[in-house]
Amino acid sequence: MVKSLMSKHQSYVVEAWYMLHSVASELEYVCSLNRTLQRLINEELSRTFRPVKEDDERTSLLDVTILNTMVTAYCDKLERVLSRGTAFAPSRLLAHLQGKLRLVTYTDAATRTTSLHISSDVSSLAL
């Protein structure tokens, strides 16, 4: 949308509309969020548990607030896309994925944000 306004080409308008209104593109977005979260967590865990060398600084690269925001966005988007029933997915897929997510996340009742169980322990893991 911004590209169309800046470059005065209308071809980007169609792509922006598609991204905002297509179930396939929303599922693609959920998958990319999933892959990104997995890579971030795997990178942090590999840094945390690698052998210690001299003058090795073990500080966490993850900002827990940003990570929790990504997890909340992922869970919300996953629920919105799969609960509509327009995606070609089994009807029990959402319940199954939510059950899996409950094993590794918790939701704060006051703020309604979803956090990973490891989020509060990331700084203690990076000793």
# chains A, B, ... in the order shown; residues from 1 in each chain; ligands from 1
call {"tool": "closest_atom_pairs", "arguments": {"of": "segment 31-82 of chain A", "to": "segment 94-105 of chain A", "cutoff": "10 Å", "atoms": "only C-alpha atoms", "output": "Markdown table"}}
result
| residue | atom | partner | partner_atom | distance |
| --- | --- | --- | --- | --- |
| A:Asn68 | CA | A:Thr105 | CA | 9.7 |
| A:Val71 | CA | A:Thr105 | CA | 8.6 |
| A:Thr72 | CA | A:Thr105 | CA | 9.7 |
| A:Cys75 | CA | A:Gln98 | CA | 8.3 |
| A:Leu78 | CA | A:Leu94 | CA | 7.8 |
| A:Glu79 | CA | A:Leu94 | CA | 6.8 |
| A:Arg80 | CA | A:Leu94 | CA | 9.7 |
| A:Val81 | CA | A:Leu94 | CA | 9.3 |
| A:Leu82 | CA | A:Leu94 | CA | 6.0 |
call {"tool": "write_last_selection", "arguments": {"atoms": "all heavy atoms", "output": "PDB file, in the first residue's frame"}}
result
ATOM      1  N   ASN A  68       7.413 -12.016  23.645  1.00  0.00           N
ATOM      2  CA  ASN A  68       6.047 -12.233  24.122  1.00  0.00           C
ATOM      3  C   ASN A  68       5.026 -11.568  23.206  1.00  0.00           C
ATOM      4  O   ASN A  68       3.936 -12.107  22.994  1.00  0.00           O
ATOM      5  CB  ASN A  68       5.894 -11.733  25.558  1.00  0.00           C
ATOM      6  CG  ASN A  68       6.618 -12.614  26.541  1.00  0.00           C
ATOM      7  OD1 ASN A  68       6.912 -13.776  26.258  1.00  0.00           O
ATOM      8  ND2 ASN A  68       6.918 -12.075  27.694  1.00  0.00           N
ATOM      9  N   VAL A  71       4.661 -13.907  20.292  1.00  0.00           N
ATOM     10  CA  VAL A  71       3.894 -15.095  20.668  1.00  0.00           C
ATOM     11  C   VAL A  71       2.409 -14.750  20.753  1.00  0.00           C
ATOM     12  O   VAL A  71       1.553 -15.504  20.273  1.00  0.00           O
ATOM     13  CB  VAL A  71       4.411 -15.685  21.999  1.00  0.00           C
ATOM     14  CG1 VAL A  71       3.471 -16.754  22.530  1.00  0.00           C
ATOM     15  CG2 VAL A  71       5.798 -16.240  21.816  1.00  0.00           C
ATOM     16  N   THR A  72       2.076 -13.603  21.330  1.00  0.00           N
ATOM     17  CA  THR A  72       0.688 -13.172  21.421  1.00  0.00           C
ATOM     18  C   THR A  72       0.095 -12.963  20.032  1.00  0.00           C
ATOM     19  O   THR A  72      -1.022 -13.415  19.743  1.00  0.00           O
ATOM     20  CB  THR A  72       0.575 -11.873  22.245  1.00  0.00           C
ATOM     21  OG1 THR A  72       1.092 -12.105  23.552  1.00  0.00           O
ATOM     22  CG2 THR A  72      -0.866 -11.406  22.353  1.00  0.00           C
ATOM     23  N   CYS A  75      -0.479 -16.417  18.353  1.00  0.00           N
ATOM     24  CA  CYS A  75      -1.642 -17.127  18.891  1.00  0.00           C
ATOM     25  C   CYS A  75      -2.952 -16.478  18.446  1.00  0.00           C
ATOM     26  O   CYS A  75      -3.905 -17.177  18.082  1.00  0.00           O
ATOM     27  CB  CYS A  75      -1.572 -17.199  20.412  1.00  0.00           C
ATOM     28  SG  CYS A  75      -0.242 -18.247  21.015  1.00  0.00           S
ATOM     29  N   LEU A  78      -3.396 -17.112  14.633  1.00  0.00           N
ATOM     30  CA  LEU A  78      -3.718 -18.522  14.423  1.00  0.00           C
ATOM     31  C   LEU A  78      -5.185 -18.788  14.742  1.00  0.00           C
ATOM     32  O   LEU A  78      -5.892 -19.436  13.970  1.00  0.00           O
ATOM     33  CB  LEU A  78      -2.814 -19.398  15.295  1.00  0.00           C
ATOM     34  CG  LEU A  78      -2.978 -20.893  15.149  1.00  0.00           C
ATOM     35  CD1 LEU A  78      -2.452 -21.355  13.792  1.00  0.00           C
ATOM     36  CD2 LEU A  78      -2.241 -21.607  16.265  1.00  0.00           C
ATOM     37  N   GLU A  79      -5.641 -18.260  15.866  1.00  0.00           N
ATOM     38  CA  GLU A  79      -7.031 -18.468  16.254  1.00  0.00           C
ATOM     39  C   GLU A  79      -7.993 -17.798  15.276  1.00  0.00           C
ATOM     40  O   GLU A  79      -8.997 -18.396  14.875  1.00  0.00           O
ATOM     41  CB  GLU A  79      -7.272 -17.926  17.663  1.00  0.00           C
ATOM     42  CG  GLU A  79      -8.669 -18.198  18.158  1.00  0.00           C
ATOM     43  CD  GLU A  79      -8.880 -17.788  19.600  1.00  0.00           C
ATOM     44  OE1 GLU A  79      -7.898 -17.456  20.284  1.00  0.00           O
ATOM     45  OE2 GLU A  79     -10.038 -17.804  20.033  1.00  0.00           O
ATOM     46  N   ARG A  80      -7.699 -16.568  14.857  1.00  0.00           N
ATOM     47  CA  ARG A  80      -8.581 -15.872  13.916  1.00  0.00           C
ATOM     48  C   ARG A  80      -8.678 -16.596  12.580  1.00  0.00           C
ATOM     49  O   ARG A  80      -9.756 -16.728  12.011  1.00  0.00           O
ATOM     50  CB  ARG A  80      -8.115 -14.436  13.694  1.00  0.00           C
ATOM     51  CG  ARG A  80      -8.683 -13.494  14.739  1.00  0.00           C
ATOM     52  CD  ARG A  80      -8.381 -12.062  14.415  1.00  0.00           C
ATOM     53  NE  ARG A  80      -7.062 -11.782  14.983  1.00  0.00           N
ATOM     54  CZ  ARG A  80      -6.145 -11.033  14.426  1.00  0.00           C
ATOM     55  NH1 ARG A  80      -6.357 -10.456  13.292  1.00  0.00           N
ATOM     56  NH2 ARG A  80      -4.986 -10.854  15.015  1.00  0.00           N
ATOM     57  N   VAL A  81      -7.553 -17.064  12.066  1.00  0.00           N
ATOM     58  CA  VAL A  81      -7.545 -17.698  10.739  1.00  0.00           C
ATOM     59  C   VAL A  81      -8.241 -19.053  10.784  1.00  0.00           C
ATOM     60  O   VAL A  81      -9.079 -19.358   9.927  1.00  0.00           O
ATOM     61  CB  VAL A  81      -6.098 -17.846  10.219  1.00  0.00           C
ATOM     62  CG1 VAL A  81      -6.062 -18.708   8.978  1.00  0.00           C
ATOM     63  CG2 VAL A  81      -5.510 -16.477   9.907  1.00  0.00           C
ATOM     64  N   LEU A  82      -7.934 -19.871  11.781  1.00  0.00           N
ATOM     65  CA  LEU A  82      -8.489 -21.223  11.815  1.00  0.00           C
ATOM     66  C   LEU A  82      -9.914 -21.287  12.349  1.00  0.00           C
ATOM     67  O   LEU A  82     -10.646 -22.226  12.061  1.00  0.00           O
ATOM     68  CB  LEU A  82      -7.582 -22.146  12.624  1.00  0.00           C
ATOM     69  CG  LEU A  82      -6.211 -22.424  12.008  1.00  0.00           C
ATOM     70  CD1 LEU A  82      -5.403 -23.343  12.905  1.00  0.00           C
ATOM     71  CD2 LEU A  82      -6.338 -23.004  10.612  1.00  0.00           C
TER      72      LEU A  82
END
call {"tool": "select_by_dssp", "arguments": {"residues": "segment 11-94 of chain A", "states": "alpha helix (DSSP H)", "output": "number ranges by chain"}}
result
A: 11-21, 23-48, 64-83, 93-94
call {"tool": "atom_distance", "arguments": {"atom1": "atom CA of Gly85 of chain A", "atom2": "atom CA of Gln38 of chain A"}}
result
26.1 Å
call {"tool": "atom_distance", "arguments": {"atom1": "atom CA of Lys77 of chain A", "atom2": "atom CA of Ser91 of chain A"}}
result
16.5 Å
call {"tool": "select_by_dssp", "arguments": {"residues": "segment 89-120 of chain A", "states": "strand (DSSP E or B)", "output": "short mmCIF file (atom, residue, chain, number, x, y, z; two decimals) with N, CA and C atoms, in the first residue's frame"}}
result
data_model
loop_
_atom_site.label_atom_id
_atom_site.label_comp_id
_atom_site.auth_asym_id
_atom_site.auth_seq_id
_atom_site.Cartn_x
_atom_site.Cartn_y
_atom_site.Cartn_z
N THR A 105 3.12 -22.28 26.75
CA THR A 105 2.78 -20.87 26.99
C THR A 105 1.85 -20.74 28.19
N TYR A 106 1.72 -19.54 28.65
CA TYR A 106 0.71 -19.19 29.65
C TYR A 106 0.18 -17.81 29.29
N THR A 107 -1.07 -17.54 29.67
CA THR A 107 -1.71 -16.27 29.37
C THR A 107 -1.94 -15.52 30.66
N THR A 114 0.09 -13.49 25.87
CA THR A 114 0.59 -14.87 25.93
C THR A 114 2.10 -14.82 26.00
N SER A 115 2.66 -15.61 26.88
CA SER A 115 4.11 -15.65 27.06
C SER A 115 4.58 -17.09 27.04
N LEU A 116 5.80 -17.28 26.60
CA LEU A 116 6.42 -18.60 26.66
C LEU A 116 6.83 -18.88 28.08
#
call {"tool": "residues_around", "arguments": {"residues": "Ala87 of chain A", "least_positions_apart": "6", "cutoff": "9 Å", "atoms": "only C-alpha atoms", "output": "mmCIF file with N, CA, C and O atoms, in the first residue's frame"}}
result
data_model
loop_
_atom_site.group_PDB
_atom_site.id
_atom_site.type_symbol
_atom_site.label_atom_id
_atom_site.label_comp_id
_atom_site.auth_asym_id
_atom_site.auth_seq_id
_atom_site.Cartn_x
_atom_site.Cartn_y
_atom_site.Cartn_z
ATOM 1 N N VAL A 23 -7.169 -15.878 2.739
ATOM 2 C CA VAL A 23 -6.912 -16.879 3.773
ATOM 3 C C VAL A 23 -5.545 -17.518 3.554
ATOM 4 O O VAL A 23 -4.797 -17.754 4.510
ATOM 5 N N ALA A 24 -5.216 -17.771 2.296
ATOM 6 C CA ALA A 24 -3.921 -18.391 1.992
ATOM 7 C C ALA A 24 -2.764 -17.509 2.451
ATOM 8 O O ALA A 24 -1.798 -18.006 3.035
ATOM 9 N N LEU A 27 -2.554 -17.585 6.253
ATOM 10 C CA LEU A 27 -1.914 -18.821 6.710
ATOM 11 C C LEU A 27 -0.413 -18.787 6.456
ATOM 12 O O LEU A 27 0.377 -19.257 7.280
ATOM 13 N N VAL A 81 -7.553 -17.064 12.066
ATOM 14 C CA VAL A 81 -7.545 -17.698 10.739
ATOM 15 C C VAL A 81 -8.241 -19.053 10.784
ATOM 16 O O VAL A 81 -9.079 -19.358 9.927
#
call {"tool": "closest_residue", "arguments": {"among": "A:Leu37, A:Ser11, A:Ala110, A:Glu26", "to": "Arg84 of chain A", "atoms": "only C-alpha atoms"}}
result
A:Glu26
call {"tool": "closest_residue", "arguments": {"among": "A:Leu33, A:Ile41, A:Leu20, A:Leu93", "to": "Val64 of chain A", "atoms": "only C-alpha atoms"}}
result
A:Ile41
call {"tool": "residues_around", "arguments": {"residues": "Ser25 of chain A", "least_positions_apart": "6", "cutoff": "12 Å", "atoms": "only C-alpha atoms", "output": "mmCIF file with N, CA, C and O atoms, in the first residue's frame"}}
result
data_model
loop_
_atom_site.group_PDB
_atom_site.id
_atom_site.type_symbol
_atom_site.label_atom_id
_atom_site.label_comp_id
_atom_site.auth_asym_id
_atom_site.auth_seq_id
_atom_site.Cartn_x
_atom_site.Cartn_y
_atom_site.Cartn_z
ATOM 1 N N GLU A 15 -1.707 -6.397 -4.500
ATOM 2 C CA GLU A 15 -0.951 -7.258 -3.597
ATOM 3 C C GLU A 15 -1.286 -6.973 -2.137
ATOM 4 O O GLU A 15 -1.405 -7.894 -1.328
ATOM 5 N N ALA A 16 -1.450 -5.703 -1.785
ATOM 6 C CA ALA A 16 -1.803 -5.342 -0.412
ATOM 7 C C ALA A 16 -3.200 -5.839 -0.065
ATOM 8 O O ALA A 16 -3.429 -6.369 1.027
ATOM 9 N N TRP A 17 -4.139 -5.692 -0.991
ATOM 10 C CA TRP A 17 -5.494 -6.176 -0.744
ATOM 11 C C TRP A 17 -5.474 -7.689 -0.572
ATOM 12 O O TRP A 17 -6.124 -8.227 0.318
ATOM 13 N N TYR A 18 -4.729 -8.375 -1.422
ATOM 14 C CA TYR A 18 -4.625 -9.832 -1.354
ATOM 15 C C TYR A 18 -4.075 -10.258 0.006
ATOM 16 O O TYR A 18 -4.581 -11.177 0.635
ATOM 17 N N MET A 19 -3.038 -9.569 0.451
ATOM 18 C CA MET A 19 -2.414 -9.916 1.725
ATOM 19 C C MET A 19 -3.386 -9.725 2.881
ATOM 20 O O MET A 19 -3.406 -10.494 3.834
ATOM 21 N N CYS A 31 2.491 -19.147 9.256
ATOM 22 C CA CYS A 31 3.627 -20.078 9.110
ATOM 23 C C CYS A 31 4.957 -19.343 9.225
ATOM 24 O O CYS A 31 5.898 -19.853 9.848
ATOM 25 N N SER A 32 5.058 -18.147 8.647
ATOM 26 C CA SER A 32 6.316 -17.399 8.739
ATOM 27 C C SER A 32 6.562 -16.929 10.174
ATOM 28 O O SER A 32 7.703 -16.922 10.636
ATOM 29 N N LYS A 77 -3.475 -14.544 15.732
ATOM 30 C CA LYS A 77 -3.656 -14.716 14.290
ATOM 31 C C LYS A 77 -4.033 -16.158 13.970
ATOM 32 O O LYS A 77 -4.908 -16.404 13.135
ATOM 33 N N VAL A 81 -7.553 -17.064 12.066
ATOM 34 C CA VAL A 81 -7.545 -17.698 10.739
ATOM 35 C C VAL A 81 -8.241 -19.053 10.784
ATOM 36 O O VAL A 81 -9.079 -19.358 9.927
ATOM 37 N N ALA A 87 -10.481 -21.795 5.916
ATOM 38 C CA ALA A 87 -9.219 -22.444 5.541
ATOM 39 C C ALA A 87 -9.475 -23.940 5.377
ATOM 40 O O ALA A 87 -10.284 -24.523 6.092
#
